[in-house]
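What follows is the content of final.txt, which has compact mmCIF, C-alpha atoms:
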```txt
# COMPACT_ATOMS: atom_id res chain seq x y z
CA MET A 1 0.00 0.00 0.00
CA ASP A 2 1.44 3.26 -1.10
CA GLY A 3 2.41 5.64 1.64
CA TYR A 4 2.04 3.25 4.57
CA PRO A 5 5.03 2.66 6.80
CA VAL A 6 6.27 -0.88 7.15
CA THR A 7 4.49 -2.62 10.00
CA GLY A 8 5.69 -6.14 9.42
CA GLN A 9 2.72 -6.99 7.24
CA SER A 10 2.48 -6.92 3.47
CA SER A 11 -0.84 -5.08 3.76
CA PRO A 12 -2.71 -3.58 6.70
CA ILE A 13 -5.99 -4.93 5.28
CA PRO A 14 -6.34 -8.61 5.97
CA GLU A 15 -9.06 -10.45 4.12
CA GLU A 16 -12.09 -11.91 5.88
CA SER A 17 -11.92 -9.58 8.87
CA SER A 18 -14.48 -7.35 10.49
CA LEU A 19 -14.14 -3.62 9.92
CA ALA A 20 -13.19 -3.17 13.57
CA GLU A 21 -10.40 -5.73 13.20
CA MET A 22 -9.20 -4.10 10.00
CA LEU A 23 -9.16 -0.68 11.63
CA MET A 24 -7.35 -2.14 14.62
CA LYS A 25 -4.72 -3.57 12.24
CA ILE A 26 -4.08 -0.25 10.48
CA CYS A 27 -4.08 1.80 13.69
CA PRO A 28 -0.35 1.09 14.41
CA ALA A 29 0.54 2.26 10.89
CA TYR A 30 -1.04 5.64 11.65
CA MET A 31 0.68 5.69 15.05
CA VAL A 32 4.01 5.31 13.24
CA MET A 33 2.99 8.42 11.31
CA GLY A 34 2.67 10.29 14.61
CA MET A 35 -1.03 9.96 15.48
CA THR A 36 -2.00 9.00 19.01
CA TYR A 37 -4.32 6.04 19.58
CA ASN A 38 -7.21 8.38 20.43
CA GLN A 39 -6.52 10.66 17.47
CA PHE A 40 -6.75 7.64 15.18
CA TRP A 41 -10.10 6.46 16.53
CA TYR A 42 -11.82 9.79 17.17
CA SER A 43 -10.66 11.97 14.27
CA ASN A 44 -12.20 12.83 10.95
CA THR A 45 -10.27 11.47 7.96
CA LYS A 46 -9.05 15.02 7.26
CA VAL A 47 -6.74 14.53 10.25
CA HIS A 48 -5.61 11.11 9.00
CA LYS A 49 -4.94 12.69 5.61
CA ALA A 50 -2.82 15.46 7.16
CA TYR A 51 -0.78 12.87 9.09
CA ARG A 52 -0.27 10.76 5.97
CA GLU A 53 0.86 13.79 3.98
CA ALA A 54 3.16 14.91 6.80
CA TYR A 55 4.59 11.39 6.98
CA GLU A 56 5.20 11.47 3.23
CA ILE A 57 7.10 14.77 3.61
CA ILE A 58 9.16 13.34 6.48
CA ARG A 59 9.91 10.20 4.45
CA LYS A 60 11.03 12.27 1.44
CA ASN A 61 13.14 14.56 3.63
CA GLU A 62 14.81 11.54 5.23
CA GLU A 63 15.52 10.10 1.80
CA TRP A 64 17.06 13.40 0.68
CA ALA A 65 19.11 13.57 3.90
CA ARG A 66 20.49 10.08 3.21
CA TRP A 67 21.23 11.06 -0.39
CA ARG A 68 22.97 14.26 0.73
CA HIS A 69 25.00 12.37 3.31
CA VAL A 70 26.42 10.05 0.64
CA ALA A 71 26.88 12.99 -1.73
CA TYR A 72 29.07 14.70 0.92
CA ILE A 73 31.16 11.53 1.18
CA TYR A 74 31.45 11.35 -2.62
CA ASP A 75 32.44 15.02 -2.77
CA THR A 76 35.02 14.52 -0.02
CA LEU A 77 36.54 11.55 -1.85
CA LEU A 78 36.91 13.68 -4.98
CA ARG A 79 38.50 16.50 -2.95
CA VAL A 80 41.08 14.28 -1.25
CA SER A 81 41.76 12.04 -4.26
CA PRO A 82 44.77 14.14 -5.49
CA VAL A 83 46.65 13.18 -2.30
CA PHE A 84 46.40 9.50 -3.23
CA ARG A 85 47.62 9.88 -6.82
CA SER A 86 51.01 8.20 -7.10
CA ASN A 87 52.03 9.56 -10.51
CA THR A 88 51.93 13.29 -9.62
CA LYS A 89 55.10 15.24 -8.89
CA GLY A 90 55.55 17.06 -5.62
CA ARG A 91 53.09 16.83 -2.80
CA PRO A 92 49.51 17.37 -4.05
CA GLU A 93 47.17 19.24 -1.75
CA PRO A 94 43.64 17.99 -1.03
CA GLY A 95 40.75 20.20 -2.06
CA LYS A 96 39.45 22.63 0.51
CA TYR A 97 36.82 21.30 2.92
CA PRO A 98 33.50 23.12 2.32
CA GLU A 99 33.10 26.03 4.71
CA GLU A 100 29.38 25.47 5.18
CA PRO A 101 26.72 22.86 4.39
CA TRP A 102 25.33 22.77 0.87
CA PRO A 103 22.30 24.96 0.36
CA LEU A 104 19.01 23.05 0.50
CA THR A 105 16.72 25.50 -1.26
CA GLU A 106 17.03 27.95 -4.14
CA LYS A 107 16.80 30.80 -1.65
CA GLU A 108 19.58 29.36 0.49
CA TYR A 109 21.68 28.96 -2.69
CA GLU A 110 21.03 32.59 -3.69
CA ASP A 111 21.76 33.80 -0.14
CA ALA A 112 25.03 31.85 -0.12
CA GLN A 113 26.00 33.30 -3.52
CA GLU A 114 25.17 36.81 -2.29
CA ARG A 115 27.19 36.25 0.89
CA ARG A 116 30.19 35.01 -1.09
CA GLU A 117 29.93 38.01 -3.48
CA LYS A 118 29.82 40.35 -0.49
CA GLU A 119 32.81 38.67 1.14
CA ARG A 120 34.75 38.84 -2.15
CA TYR A 121 33.87 42.52 -2.49
CA GLU A 122 34.89 43.25 1.11
CA ARG A 123 38.20 41.42 0.60
CA TYR A 124 38.78 43.44 -2.60
CA ILE A 125 38.04 46.75 -0.82
CA ALA A 126 40.31 45.80 2.10
CA LYS A 127 43.09 44.92 -0.36
CA MET A 128 42.61 48.22 -2.24
CA GLU A 129 42.72 50.15 1.04
CA ALA A 130 45.83 48.29 2.16
CA ASP A 131 47.49 48.89 -1.23
CA SER A 132 46.67 52.59 -1.21
CA ALA A 133 47.83 52.93 2.42
CA ARG A 134 51.10 51.21 1.47
CA GLU A 135 51.46 53.51 -1.58
CA LEU A 136 50.83 56.62 0.56
CA LYS A 137 53.37 55.40 3.10
CA ARG A 138 55.92 54.77 0.32
CA ARG A 139 55.37 58.23 -1.16
CA ALA A 140 55.64 59.87 2.25
CA LYS A 141 58.88 58.03 2.85
CA GLU A 142 60.21 59.13 -0.55
CA ALA A 143 59.20 62.72 0.16
CA ARG A 144 60.95 62.56 3.53
CA GLU A 145 64.08 61.14 1.91
CA GLU A 146 64.05 63.82 -0.82
CA ALA A 147 63.61 66.50 1.81
CA SER A 148 66.51 65.18 3.86
CA GLU A 149 68.70 64.96 0.73
CA ASP A 150 67.81 68.59 -0.15
CA GLY A 151 68.76 69.63 3.41
CA GLU A 152 72.14 67.92 3.14
CA HIS A 153 72.86 69.62 -0.25
CA ARG A 154 72.20 73.02 1.24
CA MET B 1 -24.78 20.79 -2.63
CA ALA B 2 -21.22 19.67 -1.92
CA ASP B 3 -19.44 17.30 -4.30
CA ILE B 4 -20.96 13.98 -3.31
CA ASN B 5 -17.74 12.11 -4.07
CA ARG B 6 -15.85 14.08 -1.46
CA VAL B 7 -18.42 14.29 1.29
CA ASN B 8 -16.56 14.43 4.56
CA GLN B 9 -19.00 16.21 6.84
CA ILE B 10 -22.67 17.19 6.77
CA ASN B 11 -23.40 20.55 8.37
CA PHE B 12 -26.79 22.05 9.20
CA ASP B 13 -28.63 24.07 11.82
CA TYR B 14 -31.65 22.69 13.67
CA ASN B 15 -33.60 24.56 16.36
CA GLY B 16 -30.82 27.14 16.70
CA LYS B 17 -28.10 24.53 17.16
CA HIS B 18 -25.35 23.78 14.67
CA TYR B 19 -24.73 20.14 13.82
CA CYS B 20 -21.67 18.70 12.15
CA LEU B 21 -22.16 15.06 11.24
CA GLU B 22 -19.21 12.89 10.34
CA TYR B 23 -17.80 9.41 10.71
CA THR B 24 -14.64 8.45 12.51
CA PRO B 25 -13.02 5.02 12.80
CA GLU B 26 -14.60 4.75 16.25
CA SER B 27 -18.11 5.48 14.98
CA ILE B 28 -17.62 3.01 12.12
CA LYS B 29 -16.55 0.38 14.66
CA GLN B 30 -19.61 1.10 16.81
CA LEU B 31 -21.91 0.96 13.79
CA GLU B 32 -20.50 -2.43 12.89
CA SER B 33 -20.92 -3.76 16.41
CA ALA B 34 -24.56 -2.61 16.22
CA GLY B 35 -24.96 -4.85 13.19
CA PHE B 36 -24.68 -2.21 10.50
CA THR B 37 -23.42 -3.20 7.10
CA LEU B 38 -23.69 -1.24 3.87
CA ASN B 39 -24.22 -4.42 1.88
CA ASP B 40 -27.82 -4.91 2.96
CA ILE B 41 -28.91 -1.27 2.79
CA GLN B 42 -31.10 -2.21 -0.21
CA ASP B 43 -32.72 -5.14 1.62
CA LYS B 44 -33.27 -3.43 4.96
CA PRO B 45 -33.30 0.28 4.07
CA ALA B 46 -35.31 1.51 7.07
CA THR B 47 -33.09 -0.09 9.71
CA ARG B 48 -29.81 0.57 7.95
CA ILE B 49 -30.55 4.22 7.07
CA GLU B 50 -31.62 4.85 10.66
CA GLN B 51 -28.37 3.30 11.90
CA LEU B 52 -26.32 5.23 9.35
CA TRP B 53 -27.97 8.48 10.42
CA ALA B 54 -27.53 7.74 14.13
CA GLY B 55 -23.91 6.73 13.52
CA ALA B 56 -23.13 10.09 11.98
CA PHE B 57 -24.04 11.73 15.33
CA LEU B 58 -21.59 9.61 17.34
CA ALA B 59 -18.49 11.68 16.60
CA ASN B 60 -19.70 15.14 17.61
CA HIS B 61 -23.23 14.83 19.01
CA ARG B 62 -23.20 11.63 21.02
CA ARG B 63 -25.67 12.95 23.59
CA VAL B 64 -28.42 13.76 21.13
CA SER B 65 -31.23 11.32 21.84
CA ASN B 66 -32.68 8.90 19.31
CA THR B 67 -35.95 10.81 19.35
CA ILE B 68 -34.27 14.10 18.46
CA GLN B 69 -32.19 12.36 15.79
CA LYS B 70 -35.38 11.01 14.23
CA GLU B 71 -37.05 14.41 14.47
CA ILE B 72 -34.12 16.05 12.73
CA TYR B 73 -34.13 13.38 10.04
CA LYS B 74 -37.83 13.91 9.36
CA SER B 75 -37.31 17.66 9.03
CA MET B 76 -34.43 17.35 6.54
CA LYS B 77 -34.96 18.35 2.91
CA ASP B 78 -33.90 16.08 0.03
CA ARG B 79 -33.71 12.96 2.16
CA GLU B 80 -32.81 10.79 -0.81
CA LYS B 81 -29.73 12.93 -1.44
CA LEU B 82 -29.03 13.00 2.28
CA VAL B 83 -28.91 9.20 2.42
CA GLN B 84 -26.70 9.21 -0.64
CA ALA B 85 -24.39 11.74 1.08
CA LEU B 86 -24.33 9.67 4.29
CA THR B 87 -23.45 6.54 2.34
CA GLU B 88 -20.72 8.39 0.44
CA MET B 89 -19.40 9.86 3.67
CA TYR B 90 -19.27 6.41 5.27
CA MET B 91 -17.59 4.92 2.20
CA ASN B 92 -15.14 7.83 1.89
CA THR B 93 -14.06 7.37 5.49
CA LEU B 94 -13.47 3.65 4.99
CA ASN B 95 -11.85 4.07 1.57
CA TYR B 96 -9.58 6.78 2.80
CA LEU B 97 -8.36 4.77 5.76
CA MET B 98 -8.06 1.56 3.80
CA PRO B 99 -7.31 2.38 0.15
CA ASP B 100 -7.13 -0.40 -2.42
CA GLU B 101 -3.90 -2.32 -2.66
CA GLU B 102 -3.59 -1.35 -6.32
CA GLU B 103 -4.70 1.96 -7.76
CA SER B 104 -7.44 1.62 -10.37
CA GLY B 105 -6.42 2.01 -14.02
CA ASN B 106 -8.03 4.38 -16.49
CA VAL B 107 -9.30 1.96 -19.16
CA GLU B 108 -13.07 2.04 -19.60
CA TRP B 109 -14.76 -1.36 -19.99
CA THR B 110 -18.23 -2.75 -20.71
CA ALA B 111 -19.79 -6.13 -20.02
CA THR B 112 -22.10 -7.75 -22.57
CA LEU B 113 -24.38 -10.76 -22.33
```
Whole structure given in structure tokens:
Amino acid sequence: MDGYPVTGQSSPIPEESSLAEMLMKICPAYMVMGMTYNQFWYSNTKVHKAYREAYEIIRKNEEWARWRHVAYIYDTLLRVSPVFRSNTKGRPEPGKYPEEPWPLTEKEYEDAQERREKERYERYIAKMEADSARELKRRAKEAREEASEDGEHR
Amino acid sequence: MADINRVNQINFDYNGKHYCLEYTPESIKQLESAGFTLNDIQDKPATRIEQLWAGAFLANHRRVSNTIQKEIYKSMKDREKLVQALTEMYMNTLNYLMPDEEESGNVEWTATL
């Protein structure tokens, strides 16, 4: 049966049973989905539907989490693989370990891109400021040296 | 009238009180223990319809007496459609909780003699 968690039975609907028995058999399946015993028996099917849909979301999320977990391992293997190459000269460096988890949604991806752009821009500005400060310092030093040379000539 | 194939609740006002009739697994279990079965609704319509109607009160209006339930039933319009809606609601509850093992296909078929 699509969407039902595994309860140790091939189907929660046994043949030749009373409705009460059948309902009793499927009750644990709904409890696995998070319903309480009383919620199962005393709720409208709208509630059962919400629990089934929520369970489906949880199941899909878990599947994606498992997939992502293995994808991280795969990515890590690719990053460290240069270290294990025997035919390369020198001492190869492994790839950098990711600084943060992979984005899960498009928004998270865009936010991460924006953050990286901002960081790159800030690094660029800091470098420019450092370069110009160094240049100013160099010029000041030159001016001081010229001034002292002029003084000596006089 | 609501889509009969998706009837989940029947709502109405009677004597200034709002009623919301529905079936839950518990009320279906109680109906069964009272001898109700949809299969013989054609053979014993009076008994079965009365049970079906009373069963719809179990979830939210358990304390409404049999007499009042009968009074309400008698004052309802379109009773034929009401019975149809009750039957659908009962079936929908069961079908939703216990869907078929295999989803139905989409090929139309006819039987000839």
Seminar exercise, completed: Expressed in Å, the length from CA of Leu77 in chain A to CA of Arg91 in chain A is 17.4 Å
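Interatomic distance, CA of Arg79 in chain A against CA of Arg116 in chain A: 20.4 Å.
For the atom pair formed by CA of Ala133 in chain A and CA of Ala147 in chain A, the distance is 20.8 Å, given to one decimal.
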Exercise. Given a cut-off of 10 Å, which residues of chain B touch chain A, counting all atoms listed in the file, written out as a count of residues only?
Worked result: 30
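Shortest atom-to-atom contact with Asp13 in chain B among B:Ile49, B:Ile41, B:Ala54, B:Met76: B:Met76, counting all atoms listed in the file.
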Provide range 39-71 of chain B rebuilt to N, CA and C atoms, formatted as a short mmCIF file (atom, residue, chain, number, x, y, z; two decimals), keeping the file's coordinate frame.
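Generated output (rebuild-v5.cif):
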```cif
data_model
loop_
_atom_site.label_atom_id
_atom_site.label_comp_id
_atom_site.auth_asym_id
_atom_site.auth_seq_id
_atom_site.Cartn_x
_atom_site.Cartn_y
_atom_site.Cartn_z
N ASN B 39 -23.81 -3.46 2.90
CA ASN B 39 -24.22 -4.42 1.88
C ASN B 39 -25.74 -4.64 1.81
N ASP B 40 -26.38 -4.62 2.99
CA ASP B 40 -27.82 -4.91 2.96
C ASP B 40 -28.68 -3.66 3.11
N ILE B 41 -28.13 -2.51 2.69
CA ILE B 41 -28.91 -1.27 2.79
C ILE B 41 -30.11 -1.30 1.83
N GLN B 42 -29.98 -2.08 0.75
CA GLN B 42 -31.10 -2.21 -0.21
C GLN B 42 -32.20 -3.12 0.38
N ASP B 43 -31.75 -4.18 1.09
CA ASP B 43 -32.72 -5.14 1.62
C ASP B 43 -33.43 -4.63 2.88
N LYS B 44 -32.66 -3.94 3.72
CA LYS B 44 -33.27 -3.43 4.96
C LYS B 44 -33.04 -1.93 5.05
N PRO B 45 -33.61 -1.17 4.11
CA PRO B 45 -33.30 0.28 4.07
C PRO B 45 -33.69 1.02 5.35
N ALA B 46 -34.85 0.73 5.90
CA ALA B 46 -35.31 1.51 7.07
C ALA B 46 -34.34 1.39 8.24
N THR B 47 -33.98 0.14 8.57
CA THR B 47 -33.09 -0.09 9.71
C THR B 47 -31.71 0.49 9.44
N ARG B 48 -31.19 0.17 8.25
CA ARG B 48 -29.81 0.57 7.95
C ARG B 48 -29.66 2.09 7.84
N ILE B 49 -30.64 2.75 7.22
CA ILE B 49 -30.55 4.22 7.07
C ILE B 49 -30.62 4.87 8.46
N GLU B 50 -31.50 4.32 9.29
CA GLU B 50 -31.62 4.85 10.66
C GLU B 50 -30.29 4.70 11.40
N GLN B 51 -29.67 3.54 11.24
CA GLN B 51 -28.37 3.30 11.90
C GLN B 51 -27.30 4.23 11.34
N LEU B 52 -27.31 4.38 10.01
CA LEU B 52 -26.32 5.23 9.35
C LEU B 52 -26.44 6.68 9.84
N TRP B 53 -27.68 7.12 9.95
CA TRP B 53 -27.97 8.48 10.42
C TRP B 53 -27.53 8.65 11.88
N ALA B 54 -27.90 7.67 12.71
CA ALA B 54 -27.53 7.74 14.13
C ALA B 54 -26.00 7.68 14.29
N GLY B 55 -25.36 6.87 13.45
CA GLY B 55 -23.91 6.73 13.52
C GLY B 55 -23.17 8.01 13.21
N ALA B 56 -23.78 8.83 12.36
CA ALA B 56 -23.13 10.09 11.98
C ALA B 56 -23.12 11.09 13.14
N PHE B 57 -23.99 10.85 14.15
CA PHE B 57 -24.04 11.73 15.33
C PHE B 57 -22.99 11.35 16.37
N LEU B 58 -22.48 10.12 16.28
CA LEU B 58 -21.59 9.61 17.34
C LEU B 58 -20.35 10.46 17.56
N ALA B 59 -19.77 10.96 16.47
CA ALA B 59 -18.49 11.68 16.60
C ALA B 59 -18.63 12.99 17.37
N ASN B 60 -19.62 13.80 17.01
CA ASN B 60 -19.70 15.14 17.61
C ASN B 60 -20.95 15.41 18.45
N HIS B 61 -21.96 14.56 18.31
CA HIS B 61 -23.23 14.83 19.01
C HIS B 61 -23.76 13.54 19.65
N ARG B 62 -22.90 12.93 20.40
CA ARG B 62 -23.20 11.63 21.02
C ARG B 62 -24.41 11.69 21.95
N ARG B 63 -24.61 12.88 22.58
CA ARG B 63 -25.67 12.95 23.59
C ARG B 63 -27.05 13.28 23.02
N VAL B 64 -27.11 13.48 21.73
CA VAL B 64 -28.42 13.76 21.13
C VAL B 64 -29.23 12.46 21.12
N SER B 65 -30.43 12.55 21.69
CA SER B 65 -31.23 11.32 21.84
C SER B 65 -31.73 10.81 20.50
N ASN B 66 -32.12 9.53 20.52
CA ASN B 66 -32.68 8.90 19.31
C ASN B 66 -33.89 9.64 18.79
N THR B 67 -34.73 10.10 19.73
CA THR B 67 -35.95 10.81 19.35
C THR B 67 -35.61 12.09 18.59
N ILE B 68 -34.67 12.84 19.12
CA ILE B 68 -34.27 14.10 18.46
C ILE B 68 -33.64 13.79 17.09
N GLN B 69 -32.82 12.74 17.07
CA GLN B 69 -32.19 12.36 15.79
C GLN B 69 -33.26 12.07 14.74
N LYS B 70 -34.30 11.35 15.16
CA LYS B 70 -35.38 11.01 14.23
C LYS B 70 -36.14 12.26 13.80
N GLU B 71 -36.36 13.14 14.77
CA GLU B 71 -37.05 14.41 14.47
C GLU B 71 -36.27 15.21 13.43
#
```
